[in-house]
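The file upload_38.txt contains compact mmCIF, C-alpha atoms:
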```
# COMPACT_ATOMS: atom_id res chain seq x y z
CA MET A 1 185.99 154.97 165.23
CA LYS A 2 184.66 156.34 161.96
CA ILE A 3 181.18 155.14 162.73
CA LEU A 4 181.36 156.67 166.21
CA CYS A 5 182.49 160.01 164.78
CA TYR A 6 179.68 160.02 162.28
CA LEU A 7 177.25 159.34 165.09
CA LEU A 8 178.61 162.02 167.42
CA PHE A 9 179.02 164.78 164.82
CA PRO A 10 175.31 165.16 164.03
CA PHE A 11 174.57 165.15 167.76
CA TRP A 12 177.15 167.97 168.32
CA LEU A 13 175.63 169.99 165.46
CA SER A 14 172.17 169.51 166.91
CA ALA A 15 173.35 170.73 170.33
CA GLN A 16 175.00 173.77 168.76
CA ASP A 17 171.85 174.58 166.75
CA HIS A 18 169.77 174.27 169.89
CA LEU A 19 172.10 176.60 171.80
CA THR A 20 171.99 179.15 168.96
CA GLU A 21 168.20 179.00 168.85
CA GLU A 22 168.06 179.61 172.60
CA LYS A 23 170.39 182.60 172.34
CA THR A 24 168.43 183.99 169.40
CA SER A 25 165.17 183.66 171.29
CA GLN A 26 166.67 185.25 174.39
CA ALA A 27 168.10 188.11 172.31
CA MET A 28 164.69 188.75 170.79
CA ILE A 29 163.08 188.81 174.24
CA HIS A 30 165.64 191.38 175.41
CA TYR A 31 164.99 193.42 172.27
CA GLN A 32 161.21 193.35 172.73
CA ASP A 33 161.67 194.35 176.38
CA LYS A 34 163.83 197.28 175.20
CA GLU A 35 166.88 195.81 176.91
CA TYR A 36 168.97 196.72 173.90
CA ALA A 37 172.44 196.34 175.42
CA GLN A 38 171.73 192.75 176.47
CA ALA A 39 170.20 192.02 173.06
CA ALA A 40 173.22 193.41 171.21
CA LYS A 41 175.60 191.34 173.35
CA LEU A 42 173.77 188.10 172.53
CA TYR A 43 173.47 188.93 168.83
CA GLU A 44 177.22 189.59 168.70
CA GLU A 45 177.89 186.16 170.21
CA ILE A 46 175.64 184.45 167.65
CA LEU A 47 177.19 186.40 164.77
CA GLU A 48 180.65 185.08 165.64
CA LYS A 49 179.55 181.78 164.09
CA ASP A 50 176.98 183.10 161.60
CA TYR A 51 178.53 186.38 160.51
CA LYS A 52 176.75 186.52 157.13
CA ASN A 53 173.24 186.22 158.54
CA SER A 54 171.61 189.45 157.35
CA TYR A 55 168.61 189.05 159.65
CA LEU A 56 170.81 188.76 162.74
CA LEU A 57 173.00 191.63 161.52
CA THR A 58 169.90 193.79 161.19
CA GLN A 59 168.61 192.89 164.64
CA CYS A 60 172.02 193.56 166.16
CA GLY A 61 172.18 196.88 164.30
CA LEU A 62 168.75 197.87 165.57
CA SER A 63 169.83 197.02 169.11
CA TYR A 64 172.74 199.45 168.74
CA TYR A 65 170.58 202.01 166.98
CA HIS A 66 168.14 202.18 169.89
CA GLN A 67 171.10 202.82 172.18
CA GLN A 68 172.09 205.68 169.87
CA LYS A 69 175.29 203.85 169.05
CA PHE A 70 174.96 204.81 165.43
CA GLN A 71 178.49 203.92 164.33
CA GLU A 72 178.06 200.31 165.50
CA ALA A 73 174.57 200.22 164.00
CA LYS A 74 175.86 201.53 160.68
CA GLU A 75 178.45 198.75 160.42
CA LYS A 76 175.85 196.02 161.08
CA PHE A 77 173.40 197.55 158.60
CA ARG A 78 176.18 197.83 156.01
CA LEU A 79 176.98 194.13 156.35
CA ALA A 80 173.27 193.29 156.07
CA THR A 81 173.14 195.05 152.69
CA LEU A 82 176.32 193.19 151.68
CA TYR A 83 175.11 189.70 152.60
CA GLY A 84 171.38 190.10 151.98
CA ASN A 85 169.50 188.22 149.30
CA VAL A 86 169.50 190.57 146.28
CA ASP A 87 166.44 188.78 144.87
CA ASP A 88 164.37 189.81 147.91
CA ARG A 89 163.85 193.43 146.88
CA GLU A 90 161.60 194.45 149.76
CA THR A 91 163.96 193.14 152.42
CA MET A 92 166.96 194.70 150.71
CA ALA A 93 165.07 197.98 150.62
CA LEU A 94 164.59 197.69 154.38
CA TYR A 95 168.31 197.12 154.87
CA HIS A 96 169.21 200.19 152.81
CA SER A 97 166.64 202.28 154.71
CA ASN A 98 168.20 201.23 158.00
CA LEU A 99 171.66 202.10 156.72
CA SER A 100 170.38 205.48 155.50
CA ALA A 101 168.99 206.24 158.96
CA ALA A 102 172.29 205.36 160.62
CA TYR A 103 174.26 207.60 158.25
CA SER A 104 171.74 210.39 158.82
CA ASN A 105 172.20 210.21 162.58
CA LEU A 106 175.95 210.38 162.03
CA ASP A 107 175.42 213.56 159.98
CA ASP A 108 176.91 211.82 156.96
CA ASP A 109 174.41 213.21 154.50
CA GLU A 110 175.53 212.00 151.09
CA PRO A 111 175.55 208.25 151.84
CA ALA A 112 172.34 208.72 153.83
CA PHE A 113 170.63 210.07 150.73
CA GLU A 114 172.29 207.50 148.47
CA HIS A 115 170.93 204.56 150.47
CA ALA A 116 167.49 206.15 150.84
CA VAL A 117 167.29 206.37 147.04
CA LYS A 118 168.51 202.77 146.67
CA ALA A 119 165.77 201.67 149.04
CA TYR A 120 163.20 203.56 146.97
CA TYR A 121 164.24 202.02 143.66
CA LEU A 122 164.05 198.57 145.27
CA ASP A 123 160.66 199.24 146.84
CA LYS A 124 158.58 202.12 145.49
CA GLU A 125 156.69 202.23 148.80
CA ARG A 126 159.78 203.92 150.27
CA LEU A 127 159.46 207.12 148.27
CA TRP A 128 158.67 209.22 151.36
CA ASN A 129 162.02 208.40 153.00
CA ALA A 130 163.98 209.23 149.86
CA ALA A 131 162.10 212.44 149.05
CA SER A 132 162.06 213.73 152.63
CA MET A 133 165.77 212.93 152.96
CA ALA A 134 166.47 214.95 149.82
CA GLN A 135 164.42 217.86 151.17
CA ASN A 136 166.14 217.73 154.56
CA LEU A 137 169.56 217.78 152.87
CA GLY A 138 168.66 220.81 150.79
CA ARG A 139 168.53 218.78 147.57
CA TYR A 140 165.23 220.33 146.57
CA ASP A 141 165.47 219.56 142.87
CA ASP A 142 166.17 215.90 143.68
CA CYS A 143 163.19 215.87 146.02
CA LEU A 144 160.90 217.30 143.35
CA LYS A 145 162.31 214.98 140.68
CA LEU A 146 161.67 211.86 142.80
CA MET A 147 158.06 212.86 143.43
CA ASN A 148 157.41 214.01 139.86
CA GLU A 149 158.64 210.67 138.51
CA ALA A 150 156.41 208.65 140.83
CA GLU A 151 153.56 206.69 139.30
CA GLU A 152 150.36 208.67 138.96
CA GLY A 153 148.04 208.29 141.92
CA THR A 154 150.71 206.94 144.29
CA LEU A 155 151.39 210.22 146.15
CA HIS A 156 149.17 210.77 149.18
CA ASN A 157 148.35 214.21 150.52
CA ALA A 158 151.36 214.48 152.86
CA TYR A 159 153.68 214.74 149.85
CA ARG A 160 152.24 218.22 149.33
CA THR A 161 154.26 219.32 152.37
CA LEU A 162 157.48 218.17 150.72
CA TYR A 163 156.51 220.05 147.57
CA GLY A 164 155.68 223.10 149.68
CA ARG A 165 158.92 223.06 151.64
CA SER A 166 161.03 222.51 148.53
CA TYR A 167 159.35 225.34 146.63
CA TYR A 168 159.67 227.59 149.68
CA ARG A 169 163.41 226.91 149.90
CA LYS A 170 163.73 227.57 146.16
CA GLU A 171 161.92 230.88 146.79
CA GLU A 172 159.09 229.87 144.48
CA PHE A 173 156.57 231.09 147.02
CA ARG A 174 153.44 231.05 144.88
CA LYS A 175 154.00 227.39 144.03
CA ALA A 176 154.57 226.67 147.73
CA ILE A 177 151.30 228.41 148.62
CA GLN A 178 149.37 226.36 146.07
CA GLN A 179 150.81 223.09 147.37
CA TYR A 180 150.03 223.97 150.98
CA LYS A 181 146.52 225.15 150.11
CA THR A 182 145.81 221.75 148.52
CA PHE A 183 147.40 219.99 151.48
CA PHE A 184 145.27 221.80 154.07
CA ASP A 185 142.14 221.37 151.94
CA HIS A 186 142.57 217.61 152.39
CA TYR A 187 144.39 217.47 155.72
CA ASP A 188 143.20 214.83 158.17
CA PRO A 189 144.83 215.18 161.62
CA ASN A 190 144.06 211.51 162.34
CA ASP A 191 146.03 210.29 159.33
CA ASP A 192 149.39 209.09 160.62
CA THR A 193 150.56 207.45 157.40
CA VAL A 194 153.78 209.46 157.54
CA PRO A 195 155.25 211.60 160.35
CA LEU A 196 154.45 215.31 159.98
CA VAL A 197 155.47 218.24 162.16
CA ILE A 198 152.31 220.12 161.30
CA ARG A 199 153.28 223.39 163.00
CA ASP A 200 156.41 223.57 160.87
CA ASP A 201 154.35 223.08 157.73
CA ARG A 202 151.88 225.69 158.92
CA ASN A 203 154.77 228.12 159.36
CA PHE A 204 156.22 227.39 155.92
CA TYR A 205 152.77 228.04 154.48
CA LEU A 206 152.42 231.35 156.34
CA TYR A 207 155.97 232.43 155.50
CA SER A 208 155.31 231.76 151.82
CA CYS A 209 152.14 233.85 152.04
CA LEU A 210 153.99 236.69 153.74
CA HIS A 211 156.75 236.77 151.13
CA VAL A 212 154.13 237.25 148.43
CA LEU A 213 151.96 239.68 150.41
CA ALA A 214 154.94 241.91 151.15
CA LYS A 215 155.61 242.48 147.45
CA SER A 216 152.40 241.85 145.56
CA ASP A 217 150.61 244.74 143.82
CA ASP A 218 147.78 242.47 142.72
CA GLU A 219 144.83 243.23 145.03
CA GLN A 220 142.96 240.12 143.91
CA GLU A 221 145.95 237.92 144.73
CA VAL A 222 146.34 239.61 148.12
CA ASN A 223 142.67 239.05 148.95
CA GLU A 224 142.83 235.41 147.89
CA ILE A 225 145.89 234.66 150.03
CA ILE A 226 144.45 236.38 153.10
CA ASP A 227 141.17 234.51 152.67
CA GLN A 228 142.96 231.17 152.17
CA VAL A 229 144.64 231.48 155.57
CA ILE A 230 141.29 232.37 157.17
CA GLN A 231 139.73 229.26 155.64
CA VAL A 232 142.53 227.08 157.01
CA GLN A 233 142.00 228.66 160.43
CA LYS A 234 138.31 227.80 160.32
CA ALA A 235 138.86 224.27 159.07
CA HIS A 236 141.83 223.46 161.34
CA PRO A 237 141.81 225.62 164.49
CA MET A 238 144.21 223.18 166.15
CA VAL A 239 146.76 224.00 163.45
CA MET A 240 146.26 227.76 163.37
CA TYR A 241 146.21 228.23 167.16
CA ARG A 242 144.97 231.69 168.09
CA GLN A 243 147.86 232.23 170.50
CA ASP A 244 150.38 231.24 167.85
CA MET A 245 148.83 233.60 165.33
CA LEU A 246 148.79 236.38 167.94
CA ALA A 247 152.46 235.78 168.75
CA PHE A 248 153.40 236.29 165.10
CA PHE A 249 152.37 239.95 165.52
CA THR A 250 153.20 240.71 169.14
CA ILE A 251 156.79 239.71 169.81
CA PRO A 252 159.94 241.77 169.16
CA LYS A 253 160.83 239.69 166.07
CA ASN A 254 157.35 239.86 164.61
CA ILE A 255 156.32 239.07 161.06
CA CYS A 256 155.56 242.71 160.19
CA LYS A 257 159.18 243.71 160.74
CA THR A 258 160.65 240.47 159.42
CA TYR A 259 158.85 240.73 156.08
CA GLY A 260 158.87 244.51 155.80
CA LEU A 261 155.08 244.86 155.80
CA ASP A 262 153.81 248.41 155.70
CA VAL A 263 151.44 249.71 158.37
CA GLU A 264 148.27 249.16 156.36
CA MET A 265 149.16 245.58 155.40
CA SER A 266 150.21 244.85 158.99
CA LYS A 267 146.87 246.06 160.33
CA ARG A 268 144.97 244.20 157.65
CA LEU A 269 146.64 240.89 158.46
CA PHE A 270 146.42 241.35 162.21
CA TYR A 271 142.68 241.92 162.21
CA ALA A 272 142.10 239.19 159.62
CA TRP A 273 144.23 236.45 161.15
CA VAL A 274 143.93 237.08 164.90
CA ASN A 275 140.48 236.16 166.13
CA ASP A 276 138.78 238.81 168.29
CA PRO A 277 141.87 240.69 169.57
CA ASN A 278 141.31 242.33 172.95
CA LYS A 279 142.68 245.65 174.19
CA TYR A 280 145.92 244.15 175.42
CA ASP A 281 146.46 242.26 172.14
CA GLU A 282 146.01 245.52 170.25
CA LEU A 283 148.46 247.32 172.51
CA LEU A 284 151.12 244.67 171.98
CA PHE A 285 150.55 244.81 168.23
CA SER A 286 150.78 248.61 168.23
CA PHE A 287 153.95 248.53 170.33
CA TYR A 288 155.91 245.67 168.72
CA ALA A 289 154.70 245.55 165.12
CA LEU A 290 153.90 249.18 164.38
CA ASN A 291 156.32 250.93 166.76
CA ALA A 292 153.40 253.29 167.42
CA TYR A 293 154.72 254.33 170.83
CA HIS A 294 152.74 257.57 171.07
CA ASP A 295 149.42 255.83 170.38
CA THR A 296 150.32 252.96 172.70
CA TYR A 297 151.28 255.36 175.49
CA GLN A 298 148.05 257.30 175.21
CA LEU A 299 145.90 254.17 175.07
CA THR A 300 147.58 252.56 178.09
CA ALA A 301 147.15 255.79 180.07
CA LYS A 302 143.47 255.77 179.16
CA TYR A 303 142.95 252.08 179.95
CA LEU A 304 144.79 252.30 183.28
CA GLN A 305 142.22 254.84 184.47
CA ASP A 306 139.76 251.96 184.46
CA ASP A 307 139.96 248.49 185.96
CA VAL A 308 142.07 246.28 183.66
CA GLY A 309 141.84 243.29 186.00
CA GLU A 310 144.62 240.71 186.10
CA LEU A 311 146.53 242.42 183.29
CA GLU A 312 147.29 245.58 185.27
CA ARG A 313 151.03 244.84 185.48
CA GLU A 314 151.17 244.10 181.75
CA PHE A 315 149.46 247.42 180.96
CA HIS A 316 151.89 249.26 183.24
CA GLU A 317 154.80 247.56 181.51
CA ILE A 318 153.68 248.63 178.02
CA HIS A 319 152.90 252.12 179.34
CA PHE A 320 156.41 252.47 180.79
CA LEU A 321 158.22 251.04 177.75
CA SER A 322 156.24 253.24 175.36
CA ALA A 323 157.13 256.30 177.42
CA LEU A 324 160.77 255.21 177.48
CA HIS A 325 160.92 254.87 173.69
CA LEU A 326 159.35 258.31 173.24
CA TYR A 327 161.81 259.84 175.69
CA LEU A 328 164.83 258.23 174.02
CA GLN A 329 163.66 259.28 170.56
CA ASP A 330 163.20 262.89 171.67
CA ARG A 331 166.47 262.88 173.57
CA LYS A 332 168.34 261.69 170.50
CA LYS A 333 166.79 264.47 168.40
CA GLN A 334 167.12 267.29 170.92
CA GLN A 335 170.20 266.23 172.89
CA THR A 336 168.39 266.99 176.19
CA SER A 337 170.26 266.70 179.47
CA ALA A 338 170.35 263.51 181.50
CA ASN A 339 168.64 265.13 184.47
CA ASP A 340 165.44 266.41 182.84
CA GLU A 341 162.01 266.01 184.42
CA ARG A 342 160.84 263.35 181.96
CA LEU A 343 163.70 261.09 182.96
CA GLU A 344 162.76 261.48 186.63
CA GLU A 345 159.18 260.53 185.79
CA LEU A 346 160.39 257.44 183.95
CA LEU A 347 162.59 256.42 186.86
CA PHE A 348 159.60 256.81 189.14
CA LEU A 349 157.52 254.56 186.84
CA PHE A 350 160.35 252.00 186.84
CA ASP A 351 160.52 252.01 190.65
CA ASP A 352 156.82 251.18 190.76
CA PHE A 353 157.52 247.64 189.47
CA PHE A 354 159.23 246.81 192.81
CA GLU A 355 158.12 247.02 196.41
CA ALA A 356 159.30 250.22 198.05
CA ASP A 357 162.37 250.00 200.32
CA ARG A 358 162.78 246.27 199.74
CA ILE A 359 165.99 244.47 198.82
CA TYR A 360 165.27 241.21 197.00
CA SER A 361 167.29 238.02 197.23
CA ASP A 362 168.28 236.43 193.92
CA ASP A 363 165.44 233.90 194.12
CA GLU A 364 162.91 236.55 195.13
CA PHE A 365 163.98 238.84 192.32
CA MET A 366 163.71 236.17 189.63
CA VAL A 367 160.08 235.37 190.54
CA ILE A 368 158.89 238.96 190.30
CA PRO A 369 156.06 238.78 187.75
CA ARG A 370 157.27 239.47 184.19
CA ILE A 371 160.66 240.72 185.41
CA GLU A 372 162.47 239.18 182.43
CA ASN A 373 160.10 240.91 179.99
CA LEU A 374 160.62 244.24 181.75
CA LEU A 375 164.41 244.05 181.69
CA MET A 376 164.57 242.81 178.11
CA GLY A 377 162.19 245.59 177.07
CA LEU A 378 164.32 248.15 178.92
CA LEU A 379 167.55 247.08 177.23
CA ALA A 380 165.87 246.72 173.83
CA ALA A 381 164.59 250.31 174.02
CA PHE A 382 168.11 251.68 174.52
CA ARG A 383 169.60 249.33 171.95
CA SER A 384 167.07 250.10 169.21
CA ASN A 385 167.22 253.88 169.65
CA TYR A 386 171.00 254.04 170.13
CA ALA A 387 172.35 251.34 167.85
CA LYS A 388 175.86 252.61 167.16
CA GLY A 389 178.77 252.18 169.55
CA GLU A 390 179.44 255.88 170.13
CA GLU A 391 175.72 256.52 170.62
CA GLN A 392 175.55 253.75 173.20
CA GLU A 393 178.47 255.26 175.08
CA ARG A 394 176.69 258.62 175.13
CA ILE A 395 173.43 257.17 176.47
CA ALA A 396 175.11 254.76 178.93
CA PRO A 397 174.77 257.11 181.94
CA VAL A 398 171.00 257.18 181.47
CA LEU A 399 170.72 253.39 181.24
CA ILE A 400 172.89 253.04 184.34
CA LYS A 401 170.42 255.22 186.25
CA PHE A 402 167.76 252.55 185.65
CA LEU A 403 170.07 249.65 186.43
CA GLU A 404 171.16 251.24 189.71
CA ARG A 405 167.54 251.15 190.87
CA LEU A 406 167.29 247.36 190.56
CA PRO A 407 166.76 246.14 194.14
CA ASN A 408 169.26 243.26 193.87
CA GLU A 409 172.99 243.91 193.83
CA SER A 410 174.21 240.68 192.22
CA ILE A 411 171.76 240.82 189.33
CA ARG A 412 172.37 244.54 188.90
CA ASN A 413 176.14 243.95 188.69
CA LYS A 414 175.76 241.02 186.33
CA ILE A 415 173.75 243.08 183.84
CA LYS A 416 176.29 245.90 184.08
CA ASP A 417 179.13 243.42 183.59
CA ASP A 418 177.42 241.96 180.51
CA LEU A 419 177.07 245.46 179.10
CA GLY A 420 180.65 246.36 179.98
CA TYR A 421 179.66 249.09 182.44
CA ASN A 422 181.68 247.87 185.45
```

Exercise: express the given structure as structure tokens:
Amino acid sequence: MKILCYLLFPFWLSAQDHLTEEKTSQAMIHYQDKEYAQAAKLYEEILEKDYKNSYLLTQCGLSYYHQQKFQEAKEKFRLATLYGNVDDRETMALYHSNLSAAYSNLDDDEPAFEHAVKAYYLDKERLWNAASMAQNLGRYDDCLKLMNEAEEGTLHNAYRTLYGRSYYRKEEFRKAIQQYKTFFDHYDPNDDTVPLVIRDDRNFYLYSCLHVLAKSDDEQEVNEIIDQVIQVQKAHPMVMYRQDMLAFFTIPKNICKTYGLDVEMSKRLFYAWVNDPNKYDELLFSFYALNAYHDTYQLTAKYLQDDVGELEREFHEIHFLSALHLYLQDRKKQQTSANDERLEELLFLFDDFFEADRIYSDDEFMVIPRIENLLMGLLAAFRSNYAKGEEQERIAPVLIKFLERLPNESIRNKIKDDLGYN
């Protein structure tokens, strides 16, 4: 009997090993085919008998991670760090990086950073994860410290963006500008060594420039910063998109208002950073950035005497909104009556955006060209000129006159409800 047992036991072990190998292979096939739920199920079965296998724990954790089951993934990654071979520094660094990612997706920031740093000290190639994690968590001094302590020559160009963001957040804008200037001087859009959201970095660079430009009295510094941005535009037009640069100046929350730029600086930047602005671009800039409603009104009246092509509705919109702002400003100063001739002219201009004697269905109304821009501009004009509660109550009858002319009852009532006018 003893001999028989000794003979059968190795055979049973061999069968079990073969079954485990089959399951492991099948789990890997599911994982490679992105069938993560099936992979996780098989890995769990294997781990019942081999629960300290850090490789299997990692693969199981990754299977959960790709299903966005971050709590389950975190537990597997944690066990992998517990049972992993401490002498294999690179593999242990991988385990800590995985655990850091799981914590990060669970919005558990402190342990996420802690394990990212552990991974870095085990494998210096993982500096980017640790430094970017510190920056993302608002630990800017830690981010700078990690990079400053790195061996000389080991930081590639992308690290300049982490320097730039950290200095920007610390409000050390001149240092941020210098880092971003160096970064863009050496930027290669085909280099995918680390993931970059290049538009975000472009914005941090521009915001840093604007903070300095808004307050600097040094004409040489101002000229250098303006010229730097122009050089980046020339070198990387796919970073400094013309339409993006134009939008910075021609939306309600534009950079001129946000950074408190005076009229001269606003004009200087607009004509330096927006390539070949056309008439409509200039009107939008005049209207939104400069609040030059009188000039905008006169220019649109002049341009509309000629053929403005496909932009005719846009020109009419700016013409109407400029006239509305001027009327509201004068009304606030002079306390004119609600039934004056200028108001009737404005109501007539407003009517012109809709077909005469037509009632629109909801769907028809919502596809009227630029209708959202028109209504937002209308409400913004009243809100900006009559900001206080008692002022808004006083001007409400005038606004209601415009709303009553909207050729759709349900949308008209909804806007009035939102404003508390019903």

- Task: Give me, please, the distance in Å between CA of Lys69 in chain A and CA of Asp192 in chain A, quoted to one decimal.
- Result: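 Taking CA of Lys69 in chain A and CA of Asp192 in chain A, their separation equals 27.7 Å.
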
- Query: Expressed in Å to a single decimal, how great is the separation between CA of Tyr293 in chain A and CA of Cys209 in chain A?
  - Reply: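 The value is 27.9 Å.
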
- Query: If you count all atoms listed in the file, which residues fall within 8 Å of Trp273 in chain A, apart from same-chain ones fewer than 6 positions away, as a ChimeraX atom specification?
  - Reply: /A:229-230,245

- CA of Arg383 in chain A and CA of Val367 in chain A are how many Å apart?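 Separation between CA of Arg383 in chain A and CA of Val367 in chain A: 25.1 Å.
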
- Near-Asp191 in chain A list (12 Å; only C-alpha atoms; drop same-chain fewer than 4 positions) as a ChimeraX atom specification: /A:156-158,186-187,195-196,198

- Task: Just the residues within 12 Å of Asp357 in chain A, please, counting only C-alpha atoms, with nothing from its chain fewer than 2 positions along; format it as a list in words.
- Result: Asp351, Asp352, Phe354, Glu355, Ile359, Tyr360, Arg405, Leu406, Pro407 and Asn408 of chain A

Selection: 9 Å around Tyr163 in chain A, only C-alpha atoms, excl. self and same-chain fewer than 5 positions, as a PDB file with C-alpha atoms, in the frame of the given file:
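Listing of around-v4.pdb after writing:
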```
ATOM      1  CA  GLN A 135     164.420 217.860 151.170  1.00  0.00           C
ATOM      2  CA  TYR A 140     165.230 220.330 146.570  1.00  0.00           C
ATOM      3  CA  CYS A 143     163.190 215.870 146.020  1.00  0.00           C
ATOM      4  CA  LEU A 144     160.900 217.300 143.350  1.00  0.00           C
ATOM      5  CA  MET A 147     158.060 212.860 143.430  1.00  0.00           C
ATOM      6  CA  TYR A 168     159.670 227.590 149.680  1.00  0.00           C
ATOM      7  CA  LYS A 175     154.000 227.390 144.030  1.00  0.00           C
ATOM      8  CA  ALA A 176     154.570 226.670 147.730  1.00  0.00           C
ATOM      9  CA  GLN A 179     150.810 223.090 147.370  1.00  0.00           C
ATOM     10  CA  TYR A 180     150.030 223.970 150.980  1.00  0.00           C
TER      11      TYR A 180
END
```

Might I get the box with edges along x, y and z of the file that holds all atoms of range 252-259 of chain A listed there, padded by 8 Å on every side, given as centre and edge lengths in Å to one decimal, as AutoDock Vina command-line options?
```
--center_x 158.2 --center_y 241.4 --center_z 162.6 --size_x 21.3 --size_y 20.6 --size_z 29.1
```

- Message: With distances taken over all atoms listed in the file, which residue among A:Lys74, A:Lys124, A:Arg174, A:Arg268 lies nearest Ser100 in chain A?
- Response: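 Smallest distance to Ser100 in chain A is found for A:Lys74.
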
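When all atoms listed in the file are used to measure the gap to Leu299 in chain A, the shortest distance among A:Ile318, A:Leu79, A:Ala39, A:Leu326 belongs to A:Ile318.
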
- Message: Residues within 10 Å of (174.6, 254.4, 177.7), file coordinates, counting all atoms listed in the file: what are they? Give the list as a list in words.
- Response: Phe382, Arg383, Tyr386, Gly389, Glu390, Glu391, Gln392, Glu393, Arg394, Ile395, Ala396, Pro397, Val398, Leu399, Ile400, Lys401, Leu419 and Tyr421 of chain A
